[in-house]
file input15.txt (compact mmCIF, N, CA and C atoms)
# COMPACT_ATOMS: atom_id res chain seq x y z
N MET A 579 -75.81 204.12 165.64
CA MET A 579 -74.53 204.68 165.27
C MET A 579 -74.62 205.10 163.81
N LYS A 580 -74.07 206.26 163.50
CA LYS A 580 -74.10 206.76 162.13
C LYS A 580 -72.68 207.09 161.69
N ILE A 581 -72.33 206.62 160.49
CA ILE A 581 -71.03 206.91 159.89
C ILE A 581 -71.29 207.68 158.61
N SER A 582 -70.76 208.89 158.50
CA SER A 582 -70.94 209.71 157.31
C SER A 582 -69.60 209.94 156.64
N ILE A 583 -69.59 209.80 155.33
CA ILE A 583 -68.38 210.03 154.55
C ILE A 583 -68.70 211.12 153.54
N ASN A 584 -67.98 212.24 153.63
CA ASN A 584 -68.19 213.39 152.76
C ASN A 584 -69.62 213.89 152.90
N GLU A 585 -69.84 214.79 153.82
CA GLU A 585 -71.18 215.23 154.16
C GLU A 585 -71.75 216.30 153.23
N SER A 586 -71.25 216.43 152.01
CA SER A 586 -71.84 217.40 151.08
C SER A 586 -73.19 216.88 150.62
N GLN A 587 -74.06 217.77 150.16
CA GLN A 587 -75.41 217.40 149.72
C GLN A 587 -75.38 216.56 148.43
N SER A 588 -74.39 216.79 147.58
CA SER A 588 -74.40 216.14 146.27
C SER A 588 -73.64 214.82 146.21
N GLU A 589 -72.68 214.60 147.08
CA GLU A 589 -71.90 213.37 147.09
C GLU A 589 -71.65 212.93 148.53
N PHE A 590 -72.17 211.76 148.89
CA PHE A 590 -71.95 211.26 150.24
C PHE A 590 -72.29 209.78 150.31
N VAL A 591 -71.78 209.14 151.34
CA VAL A 591 -72.17 207.79 151.72
C VAL A 591 -72.42 207.85 153.22
N GLU A 592 -73.55 207.29 153.63
CA GLU A 592 -73.90 207.31 155.04
C GLU A 592 -74.38 205.93 155.46
N PHE A 593 -73.83 205.43 156.55
CA PHE A 593 -74.23 204.16 157.13
C PHE A 593 -74.88 204.46 158.47
N GLU A 594 -76.07 203.95 158.67
CA GLU A 594 -76.71 204.06 159.98
C GLU A 594 -76.98 202.66 160.48
N ILE A 595 -76.35 202.32 161.58
CA ILE A 595 -76.48 200.99 162.15
C ILE A 595 -77.55 201.03 163.23
N GLU A 596 -78.60 200.25 163.00
CA GLU A 596 -79.74 200.26 163.92
C GLU A 596 -79.56 199.29 165.08
N GLY A 597 -78.83 198.24 164.86
CA GLY A 597 -78.64 197.24 165.90
C GLY A 597 -78.46 195.87 165.28
N LYS A 598 -78.63 194.87 166.09
CA LYS A 598 -78.47 193.49 165.62
C LYS A 598 -79.84 192.91 165.27
N PRO A 599 -79.99 192.36 164.04
CA PRO A 599 -81.28 191.78 163.68
C PRO A 599 -81.56 190.47 164.42
N TYR A 600 -80.52 189.84 164.93
CA TYR A 600 -80.66 188.58 165.66
C TYR A 600 -80.03 188.74 167.05
N PRO A 601 -80.64 189.54 167.93
CA PRO A 601 -79.97 189.87 169.21
C PRO A 601 -79.75 188.67 170.12
N TYR A 602 -80.50 187.60 169.93
CA TYR A 602 -80.35 186.45 170.82
C TYR A 602 -79.57 185.30 170.18
N ALA A 603 -78.95 185.58 169.04
CA ALA A 603 -78.15 184.54 168.38
C ALA A 603 -76.96 184.18 169.27
N ASP A 604 -76.69 182.89 169.34
CA ASP A 604 -75.57 182.46 170.17
C ASP A 604 -74.41 181.91 169.35
N ASP A 605 -74.48 182.09 168.02
CA ASP A 605 -73.35 181.67 167.19
C ASP A 605 -72.71 182.90 166.55
N TYR A 606 -71.47 182.75 166.14
CA TYR A 606 -70.71 183.87 165.59
C TYR A 606 -71.35 184.42 164.33
N TRP A 607 -71.83 183.55 163.44
CA TRP A 607 -72.32 184.00 162.14
C TRP A 607 -73.53 184.92 162.29
N ASP A 608 -74.58 184.48 162.95
CA ASP A 608 -75.79 185.30 163.10
C ASP A 608 -75.58 186.44 164.08
N GLY A 609 -74.80 186.22 165.11
CA GLY A 609 -74.57 187.25 166.11
C GLY A 609 -73.72 188.40 165.63
N ASN A 610 -73.09 188.26 164.47
CA ASN A 610 -72.19 189.27 163.93
C ASN A 610 -72.88 190.19 162.92
N HIS A 611 -74.17 190.00 162.66
CA HIS A 611 -74.89 190.84 161.70
C HIS A 611 -75.30 192.18 162.32
N LEU A 612 -75.28 193.21 161.49
CA LEU A 612 -75.72 194.55 161.89
C LEU A 612 -76.77 195.03 160.91
N LYS A 613 -77.96 195.41 161.39
CA LYS A 613 -78.98 195.97 160.51
C LYS A 613 -78.51 197.37 160.13
N THR A 614 -78.25 197.57 158.84
CA THR A 614 -77.61 198.79 158.36
C THR A 614 -78.42 199.45 157.26
N TYR A 615 -78.65 200.75 157.42
CA TYR A 615 -79.26 201.57 156.37
C TYR A 615 -78.13 202.29 155.66
N ILE A 616 -78.11 202.19 154.34
CA ILE A 616 -77.07 202.84 153.55
C ILE A 616 -77.73 203.87 152.64
N ASN A 617 -77.33 205.12 152.76
CA ASN A 617 -77.78 206.19 151.88
C ASN A 617 -76.57 206.70 151.13
N LEU A 618 -76.73 206.92 149.83
CA LEU A 618 -75.60 207.44 149.08
C LEU A 618 -76.06 208.32 147.94
N ALA A 619 -75.19 209.22 147.58
CA ALA A 619 -75.41 210.10 146.43
C ALA A 619 -74.08 210.29 145.74
N ILE A 620 -74.07 210.07 144.46
CA ILE A 620 -72.91 210.33 143.61
C ILE A 620 -73.45 210.99 142.35
N PRO A 621 -72.62 211.55 141.51
CA PRO A 621 -73.16 212.18 140.31
C PRO A 621 -74.07 211.21 139.54
N ALA A 622 -75.25 211.66 139.24
CA ALA A 622 -76.25 210.93 138.44
C ALA A 622 -76.89 209.75 139.17
N PHE A 623 -76.68 209.61 140.49
CA PHE A 623 -77.32 208.51 141.21
C PHE A 623 -77.53 208.88 142.67
N LYS A 624 -78.68 208.54 143.17
CA LYS A 624 -78.98 208.69 144.59
C LYS A 624 -79.74 207.44 145.00
N GLY A 625 -79.40 206.83 146.11
CA GLY A 625 -80.07 205.60 146.50
C GLY A 625 -80.04 205.36 147.99
N ALA A 626 -80.88 204.42 148.41
CA ALA A 626 -80.94 204.02 149.81
C ALA A 626 -81.16 202.52 149.84
N PHE A 627 -80.49 201.84 150.76
CA PHE A 627 -80.57 200.39 150.89
C PHE A 627 -80.67 200.02 152.35
N VAL A 628 -81.31 198.91 152.62
CA VAL A 628 -81.31 198.32 153.95
C VAL A 628 -80.72 196.93 153.80
N THR A 629 -79.77 196.59 154.61
CA THR A 629 -79.13 195.28 154.52
C THR A 629 -78.65 194.85 155.89
N ASN A 630 -78.37 193.59 156.03
CA ASN A 630 -77.72 193.06 157.22
C ASN A 630 -76.26 192.81 156.88
N LEU A 631 -75.41 193.73 157.26
CA LEU A 631 -73.97 193.57 157.05
C LEU A 631 -73.37 192.86 158.25
N GLN A 632 -72.31 192.14 158.00
CA GLN A 632 -71.55 191.61 159.12
C GLN A 632 -70.51 192.66 159.48
N SER A 633 -70.17 192.73 160.74
CA SER A 633 -69.27 193.79 161.20
C SER A 633 -67.93 193.78 160.46
N PHE A 634 -67.40 192.60 160.13
CA PHE A 634 -66.12 192.54 159.42
C PHE A 634 -66.25 193.06 157.99
N GLU A 635 -67.44 192.93 157.37
CA GLU A 635 -67.64 193.45 156.01
C GLU A 635 -67.61 194.97 156.01
N LEU A 636 -68.25 195.58 156.99
CA LEU A 636 -68.22 197.04 157.10
C LEU A 636 -66.81 197.53 157.41
N SER A 637 -66.12 196.84 158.28
CA SER A 637 -64.76 197.21 158.63
C SER A 637 -63.83 197.12 157.41
N LYS A 638 -63.97 196.06 156.63
CA LYS A 638 -63.14 195.89 155.42
C LYS A 638 -63.42 197.01 154.42
N PHE A 639 -64.69 197.37 154.23
CA PHE A 639 -65.05 198.45 153.32
C PHE A 639 -64.43 199.77 153.77
N LEU A 640 -64.51 200.08 155.05
CA LEU A 640 -63.96 201.33 155.56
C LEU A 640 -62.44 201.36 155.41
N GLU A 641 -61.77 200.22 155.57
CA GLU A 641 -60.32 200.15 155.35
C GLU A 641 -59.98 200.41 153.88
N GLU A 642 -60.77 199.82 152.97
CA GLU A 642 -60.54 200.04 151.54
C GLU A 642 -60.83 201.50 151.16
N LEU A 643 -61.83 202.09 151.77
CA LEU A 643 -62.15 203.49 151.52
C LEU A 643 -61.01 204.39 152.00
N ASP A 644 -60.43 204.04 153.13
CA ASP A 644 -59.28 204.78 153.65
C ASP A 644 -58.10 204.69 152.68
N ALA A 645 -57.91 203.53 152.06
CA ALA A 645 -56.83 203.35 151.09
C ALA A 645 -57.05 204.25 149.88
N ILE A 646 -58.29 204.45 149.48
CA ILE A 646 -58.58 205.39 148.38
C ILE A 646 -58.18 206.80 148.79
N GLY A 647 -58.54 207.16 150.01
CA GLY A 647 -58.18 208.49 150.52
C GLY A 647 -56.68 208.71 150.60
N ASN A 648 -55.93 207.64 150.84
CA ASN A 648 -54.47 207.72 150.91
C ASN A 648 -53.82 207.53 149.55
N MET A 649 -54.63 207.39 148.50
CA MET A 649 -54.16 207.22 147.12
C MET A 649 -53.40 205.92 146.92
N THR A 650 -53.68 204.90 147.75
CA THR A 650 -53.03 203.61 147.56
C THR A 650 -53.97 202.59 146.91
N ALA A 651 -55.21 203.03 146.62
CA ALA A 651 -56.17 202.16 145.94
C ALA A 651 -57.11 203.03 145.11
N ARG A 652 -57.79 202.40 144.14
CA ARG A 652 -58.71 203.13 143.28
C ARG A 652 -60.15 202.64 143.40
N GLU A 653 -60.37 201.58 144.17
CA GLU A 653 -61.70 200.99 144.26
C GLU A 653 -61.90 200.38 145.64
N CYS A 654 -63.14 200.45 146.11
CA CYS A 654 -63.51 199.72 147.32
C CYS A 654 -64.83 199.02 147.03
N VAL A 655 -65.02 197.87 147.64
CA VAL A 655 -66.21 197.06 147.39
C VAL A 655 -66.89 196.77 148.72
N LEU A 656 -68.17 197.05 148.77
CA LEU A 656 -68.97 196.70 149.93
C LEU A 656 -69.75 195.44 149.55
N SER A 657 -69.45 194.35 150.21
CA SER A 657 -70.15 193.10 149.88
C SER A 657 -70.77 192.53 151.15
N ASN A 658 -71.85 191.81 150.93
CA ASN A 658 -72.44 191.06 152.03
C ASN A 658 -72.98 189.75 151.48
N VAL A 659 -73.37 188.87 152.34
CA VAL A 659 -73.74 187.50 152.02
C VAL A 659 -74.51 187.41 150.69
N GLY A 660 -73.80 187.06 149.63
CA GLY A 660 -74.44 186.84 148.35
C GLY A 660 -74.70 188.06 147.51
N HIS A 661 -74.44 189.25 148.02
CA HIS A 661 -74.72 190.48 147.28
C HIS A 661 -73.49 191.37 147.27
N VAL A 662 -73.32 192.15 146.23
CA VAL A 662 -72.20 193.08 146.14
C VAL A 662 -72.73 194.45 145.72
N VAL A 663 -72.29 195.49 146.40
CA VAL A 663 -72.57 196.87 146.02
C VAL A 663 -71.23 197.49 145.69
N LYS A 664 -71.03 197.95 144.45
CA LYS A 664 -69.76 198.57 144.07
C LYS A 664 -69.94 200.06 143.94
call {"tool": "encode", "arguments": {"input": "input15.txt", "output": "structure tokens"}}
result
Amino acid sequence: MKISINESQSEFVEFEIEGKPYPYADDYWDGNHLKTYINLAIPAFKGAFVTNLQSFELSKFLEELDAIGNMTARECVLSNVGHVVK
């Protein structure tokens, strides 16, 4: 599954979900991880990351991003177990 935000060449965020890194996990914590590739470009920065996000973390980030689009927020934070990407 691929989620693209602002598909211009110079500014974008793209999430590509490859699947579950622990497909046979039988607990909520490990079973909720998604192997995610993140590509982004903003003025003066271009990067790519691979991380295991939990589904609720991605959902929360997309909700915060939507709030920016609705002009009800000025910042969104993508965080995962022990790491933060702002």
call {"tool": "atom_distance", "arguments": {"input": "input15.txt", "atom1": "atom C of A:Lys580", "atom2": "atom C of A:Glu653"}}
result
20.5 Å
call {"tool": "closest_residue", "arguments": {"input": "input15.txt", "among": "A:Leu640, A:Thr614, A:Met649, A:Glu592", "to": "A:Val628", "atoms": "only N, CA and C atoms"}}
result
A:Thr614
call {"tool": "select_by_dssp", "arguments": {"input": "input15.txt", "residues": "chain A", "states": "alpha helix (DSSP H)", "output": "PyMOL selection string"}}
result
chain A and resi 606-609+633-647
call {"tool": "residues_around", "arguments": {"input": "input15.txt", "residues": "A:Ile595", "least_positions_apart": "6", "cutoff": "9 Å", "atoms": "only C-alpha atoms", "output": "JSON, numbers by chain"}}
result
{"A": [579, 580, 581, 612, 613, 614, 615, 616]}
call {"tool": "closest_residue", "arguments": {"input": "input15.txt", "among": "A:Asp605, A:Glu594, A:Lys624, A:Gln632", "to": "A:Ser582", "atoms": "all atoms listed in the file"}}
result
A:Glu594
call {"tool": "atom_distance", "arguments": {"input": "input15.txt", "atom1": "atom CA of A:Ile646", "atom2": "atom C of A:Asn617"}}
result
18.2 Å
call {"tool": "closest_residue", "arguments": {"input": "input15.txt", "among": "A:His611, A:Asn584, A:Val655, A:Thr650", "to": "A:Thr629", "atoms": "only N, CA and C atoms"}}
result
A:His611
call {"tool": "closest_residue", "arguments": {"input": "input15.txt", "among": "A:Asp604, A:Asn658, A:Lys598, A:Gln587", "to": "A:Leu631", "atoms": "only C-alpha atoms"}}
result
A:Asn658
call {"tool": "atom_distance", "arguments": {"input": "input15.txt", "atom1": "atom CA of A:Ala619", "atom2": "atom CA of A:Glu641"}}
result
20.2 Å
call {"tool": "decode", "arguments": {"input": "input15.txt", "residues": "stretch 588-602 of chain A", "atoms": "N, CA and C atoms", "output": "compact mmCIF listing (two decimals), in the first residue's frame"}}
result
# COMPACT_ATOMS: atom_id res chain seq x y z
N SER A 588 9.25 18.40 -5.96
CA SER A 588 10.09 19.12 -5.01
C SER A 588 9.64 19.00 -3.55
N GLU A 589 8.38 18.76 -3.30
CA GLU A 589 7.86 18.64 -1.94
C GLU A 589 6.85 17.49 -1.86
N PHE A 590 7.17 16.47 -1.07
CA PHE A 590 6.24 15.37 -0.93
C PHE A 590 6.61 14.53 0.29
N VAL A 591 5.65 13.75 0.74
CA VAL A 591 5.86 12.71 1.73
C VAL A 591 5.17 11.47 1.18
N GLU A 592 5.87 10.36 1.21
CA GLU A 592 5.32 9.12 0.68
C GLU A 592 5.58 7.99 1.67
N PHE A 593 4.55 7.25 1.99
CA PHE A 593 4.64 6.08 2.85
C PHE A 593 4.34 4.86 2.00
N GLU A 594 5.22 3.89 2.03
CA GLU A 594 4.94 2.62 1.35
C GLU A 594 4.99 1.52 2.40
N ILE A 595 3.87 0.88 2.60
CA ILE A 595 3.75 -0.17 3.61
C ILE A 595 3.97 -1.51 2.92
N GLU A 596 5.02 -2.20 3.36
CA GLU A 596 5.38 -3.47 2.74
C GLU A 596 4.65 -4.65 3.35
N GLY A 597 4.29 -4.54 4.59
CA GLY A 597 3.61 -5.64 5.26
C GLY A 597 3.97 -5.65 6.73
N LYS A 598 3.71 -6.76 7.36
CA LYS A 598 4.00 -6.89 8.80
C LYS A 598 5.35 -7.56 8.98
N PRO A 599 6.26 -6.94 9.78
CA PRO A 599 7.55 -7.57 10.00
C PRO A 599 7.47 -8.81 10.89
N TYR A 600 6.39 -8.92 11.65
CA TYR A 600 6.19 -10.07 12.54
C TYR A 600 4.84 -10.73 12.20
N PRO A 601 4.73 -11.37 11.04
CA PRO A 601 3.41 -11.86 10.59
C PRO A 601 2.80 -12.93 11.49
N TYR A 602 3.62 -13.61 12.28
CA TYR A 602 3.08 -14.67 13.12
C TYR A 602 2.94 -14.27 14.59
